[in-house]
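Text of my_file.txt, listed as compact mmCIF, C-alpha atoms and all ligand atoms:
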```txt
# COMPACT_ATOMS: atom_id res chain seq x y z
CA MET A 710 152.09 108.84 92.11
CA LYS A 711 155.77 109.49 91.42
CA ARG A 712 157.67 106.69 89.72
CA LYS A 713 159.93 106.16 92.75
CA SER A 714 157.08 105.74 95.21
CA PHE A 715 155.19 103.56 92.74
CA ILE A 716 158.15 101.18 92.59
CA ALA A 717 158.46 101.31 96.39
CA SER A 718 154.80 100.33 96.76
CA LEU A 719 155.32 97.44 94.34
CA LEU A 720 158.24 96.26 96.46
CA LEU A 721 156.07 96.38 99.58
CA LEU A 722 153.33 94.27 98.03
CA PRO A 723 154.86 90.87 98.83
CA ILE A 724 155.36 91.96 102.46
CA PHE A 725 151.68 92.82 102.83
CA LYS A 726 150.83 89.50 101.22
CA ILE A 727 152.89 87.62 103.78
CA PHE A 728 151.30 89.50 106.68
CA GLY A 729 147.86 88.94 105.16
CA LYS A 730 148.47 85.22 105.01
CA THR A 731 149.68 85.15 108.59
CA ASN A 732 146.46 86.79 109.70
CA VAL A 733 144.29 84.34 107.78
CA LEU A 734 146.16 81.27 108.99
CA GLY A 735 146.90 82.71 112.40
CA SER A 736 144.87 83.26 115.49
CA LYS A 737 141.90 85.45 114.57
CA GLU A 738 140.03 83.41 111.99
CA CYS A 739 137.41 82.05 114.38
CA GLN A 740 137.36 84.84 116.98
CA THR A 741 133.88 85.79 118.18
CA GLN A 742 132.81 89.23 117.00
CA ARG A 743 132.52 91.99 119.57
CA ASP A 744 129.37 94.01 120.08
CA ALA A 745 128.32 97.09 122.03
CA GLU A 746 128.21 96.88 125.83
CA GLY A 747 125.14 99.12 125.99
CA PRO A 748 124.19 101.30 128.97
CA PHE A 749 122.99 98.63 131.43
CA TYR A 750 126.04 96.59 132.43
CA LYS A 751 126.55 96.24 136.15
CA GLY A 752 129.50 94.42 137.70
CA GLY A 753 129.32 92.11 140.67
CA ALA A 754 126.55 89.75 139.48
CA PRO A 755 126.46 86.48 141.45
CA LEU A 756 127.57 83.09 140.13
CA LYS A 757 124.41 81.14 139.22
CA SER A 758 123.32 78.75 136.50
CA VAL A 759 119.67 79.88 136.60
CA ILE A 760 119.64 83.55 135.70
CA GLU A 761 115.88 84.15 135.57
CA THR A 762 112.66 82.12 135.73
CA GLU A 763 109.86 84.67 135.20
CA GLY A 764 109.20 84.35 131.49
CA GLU A 765 109.51 81.92 128.59
CA PRO A 766 112.24 79.41 129.53
CA LEU A 767 115.46 79.40 127.52
CA THR A 768 118.58 77.30 127.98
CA ILE A 769 121.85 78.27 126.35
CA SER A 770 124.91 76.06 126.35
CA GLY A 771 128.15 75.86 124.46
CA THR A 772 131.90 75.79 124.68
CA ILE A 773 134.47 78.51 125.10
CA PHE A 774 137.35 77.85 122.71
CA GLN A 775 140.77 79.37 122.12
CA SER A 776 140.79 81.22 118.82
CA SER A 777 144.49 80.36 118.43
CA ASP A 778 143.52 76.88 117.23
CA CYS A 779 139.71 77.19 117.11
CA ALA A 780 139.49 73.90 119.02
CA THR A 781 140.93 73.87 122.55
CA GLY A 782 138.39 74.51 125.30
CA VAL A 783 139.08 77.30 127.80
CA SER A 784 138.45 76.11 131.34
CA ASN A 785 137.46 78.33 134.24
CA ALA A 786 136.30 81.19 131.99
CA THR A 787 133.41 83.31 133.23
CA ILE A 788 130.46 84.59 131.25
CA ASP A 789 128.84 87.63 132.78
CA ILE A 790 125.25 87.66 131.48
CA TRP A 791 122.66 90.43 131.54
CA HIS A 792 119.41 90.98 129.69
CA CYS A 793 116.04 92.67 130.13
CA ASP A 794 113.20 91.07 132.09
CA SER A 795 109.90 89.86 130.61
CA ASN A 796 108.67 93.49 130.60
CA GLY A 797 111.66 94.66 128.56
CA GLU A 798 113.30 96.38 131.52
CA TYR A 799 116.75 96.14 133.08
CA ASP A 800 117.22 95.85 136.82
CA ASN A 801 119.63 98.62 137.78
CA GLU A 802 119.02 98.22 141.52
CA GLY A 803 119.63 94.50 142.02
CA PHE A 804 120.69 91.48 139.96
CA LYS A 805 117.43 90.28 138.38
CA CYS A 806 118.27 88.90 134.93
CA ARG A 807 121.96 89.14 135.77
CA GLY A 808 124.40 86.38 136.64
CA VAL A 809 127.77 84.80 135.98
CA VAL A 810 128.46 81.24 134.83
CA ARG A 811 131.81 79.48 134.67
CA SER A 812 133.15 77.03 132.08
CA ASP A 813 134.19 73.53 133.18
CA SER A 814 137.53 71.79 132.56
CA ASN A 815 136.59 71.27 128.88
CA GLY A 816 135.41 74.83 128.37
CA LYS A 817 131.73 73.84 128.43
CA TYR A 818 129.10 76.03 130.05
CA SER A 819 125.32 76.15 130.34
CA PHE A 820 122.71 78.44 131.87
CA LYS A 821 118.96 78.71 132.10
CA THR A 822 117.11 81.98 131.79
CA ILE A 823 114.17 83.47 129.91
CA PHE A 824 113.77 84.35 126.25
CA PRO A 825 114.12 88.13 126.61
CA PRO A 826 111.56 90.21 124.70
CA HIS A 827 112.58 93.00 122.34
CA TYR A 828 112.39 96.56 123.63
CA GLY A 829 112.18 99.75 121.57
CA SER A 830 113.76 99.06 118.21
CA ARG A 831 116.15 96.51 119.66
CA PRO A 832 115.68 92.85 118.81
CA ARG A 833 115.71 90.14 121.48
CA HIS A 834 119.26 89.89 122.79
CA ILE A 835 121.43 88.75 125.67
CA HIS A 836 124.54 90.69 126.65
CA ILE A 837 127.70 88.85 127.61
CA LYS A 838 131.19 89.58 128.86
CA VAL A 839 133.53 86.61 128.66
CA ARG A 840 136.68 86.65 130.75
CA ALA A 841 139.49 84.11 131.06
CA GLN A 842 143.01 84.38 132.30
CA GLY A 843 145.42 85.08 129.47
CA PHE A 844 142.72 86.26 127.05
CA GLN A 845 141.37 89.65 126.15
CA GLU A 846 137.92 90.30 127.63
CA LEU A 847 135.12 89.84 125.09
CA THR A 848 131.96 91.96 125.24
CA SER A 849 129.26 90.90 122.83
CA GLN A 850 125.55 90.15 122.35
CA ILE A 851 123.60 87.07 121.34
CA TYR A 852 120.61 87.39 118.98
CA PHE A 853 117.94 85.01 117.74
CA LYS A 854 117.16 83.82 114.24
CA GLY A 855 113.82 84.85 112.78
CA ASP A 856 113.53 87.97 114.93
CA PRO A 857 111.98 90.65 112.67
CA HIS A 858 113.61 93.41 114.74
CA LEU A 859 117.09 92.25 113.70
CA GLN A 860 116.80 94.34 110.55
CA ASN A 861 116.03 97.57 112.48
CA ASP A 862 119.19 97.46 114.47
CA PHE A 863 122.98 97.30 114.27
CA ALA A 864 122.39 93.64 115.15
CA ARG A 865 121.82 93.04 111.44
CA ASN A 866 125.62 93.10 111.14
CA ALA A 867 126.03 90.25 113.63
CA GLU A 868 127.98 87.24 112.42
CA PRO A 869 125.72 84.17 111.91
CA SER A 870 127.20 82.37 114.92
CA ARG A 871 125.80 85.10 117.21
CA VAL A 872 122.28 84.75 115.77
CA LEU A 873 121.10 81.59 117.47
CA SER A 874 118.75 79.03 115.98
CA LEU A 875 116.70 77.69 118.84
CA SER A 876 115.42 74.14 119.05
CA LYS A 877 112.66 72.84 121.29
CA ILE A 878 113.63 70.19 123.82
CA GLN A 879 110.67 68.97 125.87
CA GLY A 880 108.81 72.12 124.87
CA GLU A 881 111.55 74.51 125.95
CA ASN A 882 113.86 76.69 123.88
CA HIS A 883 117.46 75.60 123.65
CA GLY A 884 120.31 77.33 121.87
CA ASN A 885 123.96 76.54 121.35
CA PHE A 886 126.50 79.33 121.44
CA ASP A 887 130.22 78.69 121.18
CA VAL A 888 132.62 81.48 122.04
CA TYR A 889 136.12 81.92 120.55
CA LEU A 890 138.47 84.05 122.63
FE FE B 901 120.28 95.42 125.89
```
As a first step, turn the structure in this file into structure tokens.
Amino acid sequence: MKRKSFIASLLLLPIFKIFGKTNVLGSKECQTQRDAEGPFYKGGAPLKSVIETEGEPLTISGTIFQSSDCATGVSNATIDIWHCDSNGEYDNEGFKCRGVVRSDSNGKYSFKTIFPPHYGSRPRHIHIKVRAQGFQELTSQIYFKGDPHLQNDFARNAEPSRVLSLSKIQGENHGNFDVYL
């Protein structure tokens, strides 16, 4: 590196530092990580809080938050949900294992479905698209702790908050998943 450009890069250092700090303290610290959409998304799924019943019951609930402060709930957001059925297959004709839920005035949401099995080398997962006015659409996937297939897949790079620990409530699986837009 020439002396002149070396000095120039030294002068730029504090600027990068300032921008770096802004990013850390700014809006993206708690933003939910994106994940692949995959080949089976289909728009137009109906609004429903029970997505699927044929299989091992699973309830997922949580809150959709603004990542600008990591705390304010986002009301009236939609979560478009799709996953495979109990045979590991996607319904590309109709809307089995597909549905949309909406967050309430505090950003809270909940839906019932089944614990989707793994298929191929993919671990158990649920696809989501979260949309809310004024926010960038978020496409991601939810995984489950203890799934041995997590290590065979790009899912192994999922942030811990997207790998759900399930608890049993009255014998049924429950998971909490908060989303930060
Ligand atoms: Fe999938």
Long-range neighbours of Arg811 in chain A as a list in words, 9 Å cut-off, all atoms listed in the file, 5 positions minimum in chain: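 Result of the neighbour search: Leu756, Lys757, Ser758, Ser784, Asn785, Ala786, Thr787, Ile788, Asp789, Gly816, Lys817, Tyr818 and Ser819 of chain A.
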Expressed in Å to a single decimal, how great is the separation between CA of Ser870 in chain A and CA of Gly797 in chain A?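 Result for CA of Ser870 in chain A versus CA of Gly797 in chain A: 24.1 Å, one decimal.
Of the listed residues A:Gln860, A:Gln842, A:Asn885, A:Ser830, the one whose atoms come nearest to ligand FE 901 (chain B) is A:Ser830, with distances taken using all atoms listed in the file.
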Would you mind listing, for every residue of chain A within 12 Å of ligand FE 901 (chain B), the two atoms forming the shortest contact and the distance between them in Å to one decimal, using only C-alpha atoms and all ligand atoms, sorted by chain and ascending residue number, as JSON lines?
```
{"residue": "A:Asp744", "atom": "CA", "partner": "B:FE901", "partner_atom": "FE", "distance": 10.9}
{"residue": "A:Ala745", "atom": "CA", "partner": "B:FE901", "partner_atom": "FE", "distance": 9.1}
{"residue": "A:Glu746", "atom": "CA", "partner": "B:FE901", "partner_atom": "FE", "distance": 8.1}
{"residue": "A:Gly747", "atom": "CA", "partner": "B:FE901", "partner_atom": "FE", "distance": 6.1}
{"residue": "A:Pro748", "atom": "CA", "partner": "B:FE901", "partner_atom": "FE", "distance": 7.7}
{"residue": "A:Phe749", "atom": "CA", "partner": "B:FE901", "partner_atom": "FE", "distance": 7.0}
{"residue": "A:Tyr750", "atom": "CA", "partner": "B:FE901", "partner_atom": "FE", "distance": 8.8}
{"residue": "A:Ile790", "atom": "CA", "partner": "B:FE901", "partner_atom": "FE", "distance": 10.8}
{"residue": "A:Trp791", "atom": "CA", "partner": "B:FE901", "partner_atom": "FE", "distance": 7.9}
{"residue": "A:His792", "atom": "CA", "partner": "B:FE901", "partner_atom": "FE", "distance": 5.9}
{"residue": "A:Cys793", "atom": "CA", "partner": "B:FE901", "partner_atom": "FE", "distance": 6.6}
{"residue": "A:Asp794", "atom": "CA", "partner": "B:FE901", "partner_atom": "FE", "distance": 10.4}
{"residue": "A:Gly797", "atom": "CA", "partner": "B:FE901", "partner_atom": "FE", "distance": 9.1}
{"residue": "A:Glu798", "atom": "CA", "partner": "B:FE901", "partner_atom": "FE", "distance": 9.0}
{"residue": "A:Tyr799", "atom": "CA", "partner": "B:FE901", "partner_atom": "FE", "distance": 8.0}
{"residue": "A:Asp800", "atom": "CA", "partner": "B:FE901", "partner_atom": "FE", "distance": 11.4}
{"residue": "A:Cys806", "atom": "CA", "partner": "B:FE901", "partner_atom": "FE", "distance": 11.3}
{"residue": "A:Arg807", "atom": "CA", "partner": "B:FE901", "partner_atom": "FE", "distance": 11.8}
{"residue": "A:Pro825", "atom": "CA", "partner": "B:FE901", "partner_atom": "FE", "distance": 9.6}
{"residue": "A:Pro826", "atom": "CA", "partner": "B:FE901", "partner_atom": "FE", "distance": 10.2}
{"residue": "A:His827", "atom": "CA", "partner": "B:FE901", "partner_atom": "FE", "distance": 8.8}
{"residue": "A:Tyr828", "atom": "CA", "partner": "B:FE901", "partner_atom": "FE", "distance": 8.3}
{"residue": "A:Gly829", "atom": "CA", "partner": "B:FE901", "partner_atom": "FE", "distance": 10.1}
{"residue": "A:Ser830", "atom": "CA", "partner": "B:FE901", "partner_atom": "FE", "distance": 10.7}
{"residue": "A:Arg831", "atom": "CA", "partner": "B:FE901", "partner_atom": "FE", "distance": 7.6}
{"residue": "A:Pro832", "atom": "CA", "partner": "B:FE901", "partner_atom": "FE", "distance": 8.8}
{"residue": "A:Arg833", "atom": "CA", "partner": "B:FE901", "partner_atom": "FE", "distance": 8.3}
{"residue": "A:His834", "atom": "CA", "partner": "B:FE901", "partner_atom": "FE", "distance": 6.4}
{"residue": "A:Ile835", "atom": "CA", "partner": "B:FE901", "partner_atom": "FE", "distance": 6.8}
{"residue": "A:His836", "atom": "CA", "partner": "B:FE901", "partner_atom": "FE", "distance": 6.4}
{"residue": "A:Ile837", "atom": "CA", "partner": "B:FE901", "partner_atom": "FE", "distance": 10.1}
{"residue": "A:Ser849", "atom": "CA", "partner": "B:FE901", "partner_atom": "FE", "distance": 10.5}
{"residue": "A:Gln850", "atom": "CA", "partner": "B:FE901", "partner_atom": "FE", "distance": 8.3}
{"residue": "A:Ile851", "atom": "CA", "partner": "B:FE901", "partner_atom": "FE", "distance": 10.1}
{"residue": "A:Tyr852", "atom": "CA", "partner": "B:FE901", "partner_atom": "FE", "distance": 10.6}
{"residue": "A:Asp862", "atom": "CA", "partner": "B:FE901", "partner_atom": "FE", "distance": 11.7}
{"residue": "A:Ala864", "atom": "CA", "partner": "B:FE901", "partner_atom": "FE", "distance": 11.1}
```
Could you save the residues just selected, with C-alpha atoms, as a PDB file, in the coordinates of the input?
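again-v2.pdb was written with the following content:
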```pdb
ATOM      1  CA  ASP A 744     129.370  94.010 120.080  1.00  0.00           C
ATOM      2  CA  ALA A 745     128.320  97.090 122.030  1.00  0.00           C
ATOM      3  CA  GLU A 746     128.210  96.880 125.830  1.00  0.00           C
ATOM      4  CA  GLY A 747     125.140  99.120 125.990  1.00  0.00           C
ATOM      5  CA  PRO A 748     124.190 101.300 128.970  1.00  0.00           C
ATOM      6  CA  PHE A 749     122.990  98.630 131.430  1.00  0.00           C
ATOM      7  CA  TYR A 750     126.040  96.590 132.430  1.00  0.00           C
ATOM      8  CA  ILE A 790     125.250  87.660 131.480  1.00  0.00           C
ATOM      9  CA  TRP A 791     122.660  90.430 131.540  1.00  0.00           C
ATOM     10  CA  HIS A 792     119.410  90.980 129.690  1.00  0.00           C
ATOM     11  CA  CYS A 793     116.040  92.670 130.130  1.00  0.00           C
ATOM     12  CA  ASP A 794     113.200  91.070 132.090  1.00  0.00           C
ATOM     13  CA  GLY A 797     111.660  94.660 128.560  1.00  0.00           C
ATOM     14  CA  GLU A 798     113.300  96.380 131.520  1.00  0.00           C
ATOM     15  CA  TYR A 799     116.750  96.140 133.080  1.00  0.00           C
ATOM     16  CA  ASP A 800     117.220  95.850 136.820  1.00  0.00           C
ATOM     17  CA  CYS A 806     118.270  88.900 134.930  1.00  0.00           C
ATOM     18  CA  ARG A 807     121.960  89.140 135.770  1.00  0.00           C
ATOM     19  CA  PRO A 825     114.120  88.130 126.610  1.00  0.00           C
ATOM     20  CA  PRO A 826     111.560  90.210 124.700  1.00  0.00           C
ATOM     21  CA  HIS A 827     112.580  93.000 122.340  1.00  0.00           C
ATOM     22  CA  TYR A 828     112.390  96.560 123.630  1.00  0.00           C
ATOM     23  CA  GLY A 829     112.180  99.750 121.570  1.00  0.00           C
ATOM     24  CA  SER A 830     113.760  99.060 118.210  1.00  0.00           C
ATOM     25  CA  ARG A 831     116.150  96.510 119.660  1.00  0.00           C
ATOM     26  CA  PRO A 832     115.680  92.850 118.810  1.00  0.00           C
ATOM     27  CA  ARG A 833     115.710  90.140 121.480  1.00  0.00           C
ATOM     28  CA  HIS A 834     119.260  89.890 122.790  1.00  0.00           C
ATOM     29  CA  ILE A 835     121.430  88.750 125.670  1.00  0.00           C
ATOM     30  CA  HIS A 836     124.540  90.690 126.650  1.00  0.00           C
ATOM     31  CA  ILE A 837     127.700  88.850 127.610  1.00  0.00           C
ATOM     32  CA  SER A 849     129.260  90.900 122.830  1.00  0.00           C
ATOM     33  CA  GLN A 850     125.550  90.150 122.350  1.00  0.00           C
ATOM     34  CA  ILE A 851     123.600  87.070 121.340  1.00  0.00           C
ATOM     35  CA  TYR A 852     120.610  87.390 118.980  1.00  0.00           C
ATOM     36  CA  ASP A 862     119.190  97.460 114.470  1.00  0.00           C
ATOM     37  CA  ALA A 864     122.390  93.640 115.150  1.00  0.00           C
TER      38      ALA A 864
END
```
Ranking A:Leu873, A:Ile760, A:Leu859, A:Ile878 by minimum distance to Phe804 in chain A and counting all atoms listed in the file, which one comes first?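 The answer is A:Ile760, which sits nearest to Phe804 in chain A.
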Return the single residue from A:Leu890, A:Phe824, A:Asn815, A:Val783 that is closest to Lys838 in chain A, with distances computed using only C-alpha atoms.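 For Lys838 in chain A, the nearest of the given residues is A:Leu890.
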Between A:Pro755, A:Gly884, A:Gly843, A:Pro857, which one has atoms that come closest to Val810 in chain A, using all atoms listed in the file?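 Ranked by minimum distance to Val810 in chain A, first place goes to A:Pro755.
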Tell me, in Å to one decimal, how far CA of Gln775 in chain A is from CA of Pro869 in chain A. 18.8 Å
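Among the candidates A:Ser776, A:Asn801, A:Thr781, A:Asn796, the residue lying nearest to Ala754 in chain A is A:Asn801 (atoms considered: all atoms listed in the file).
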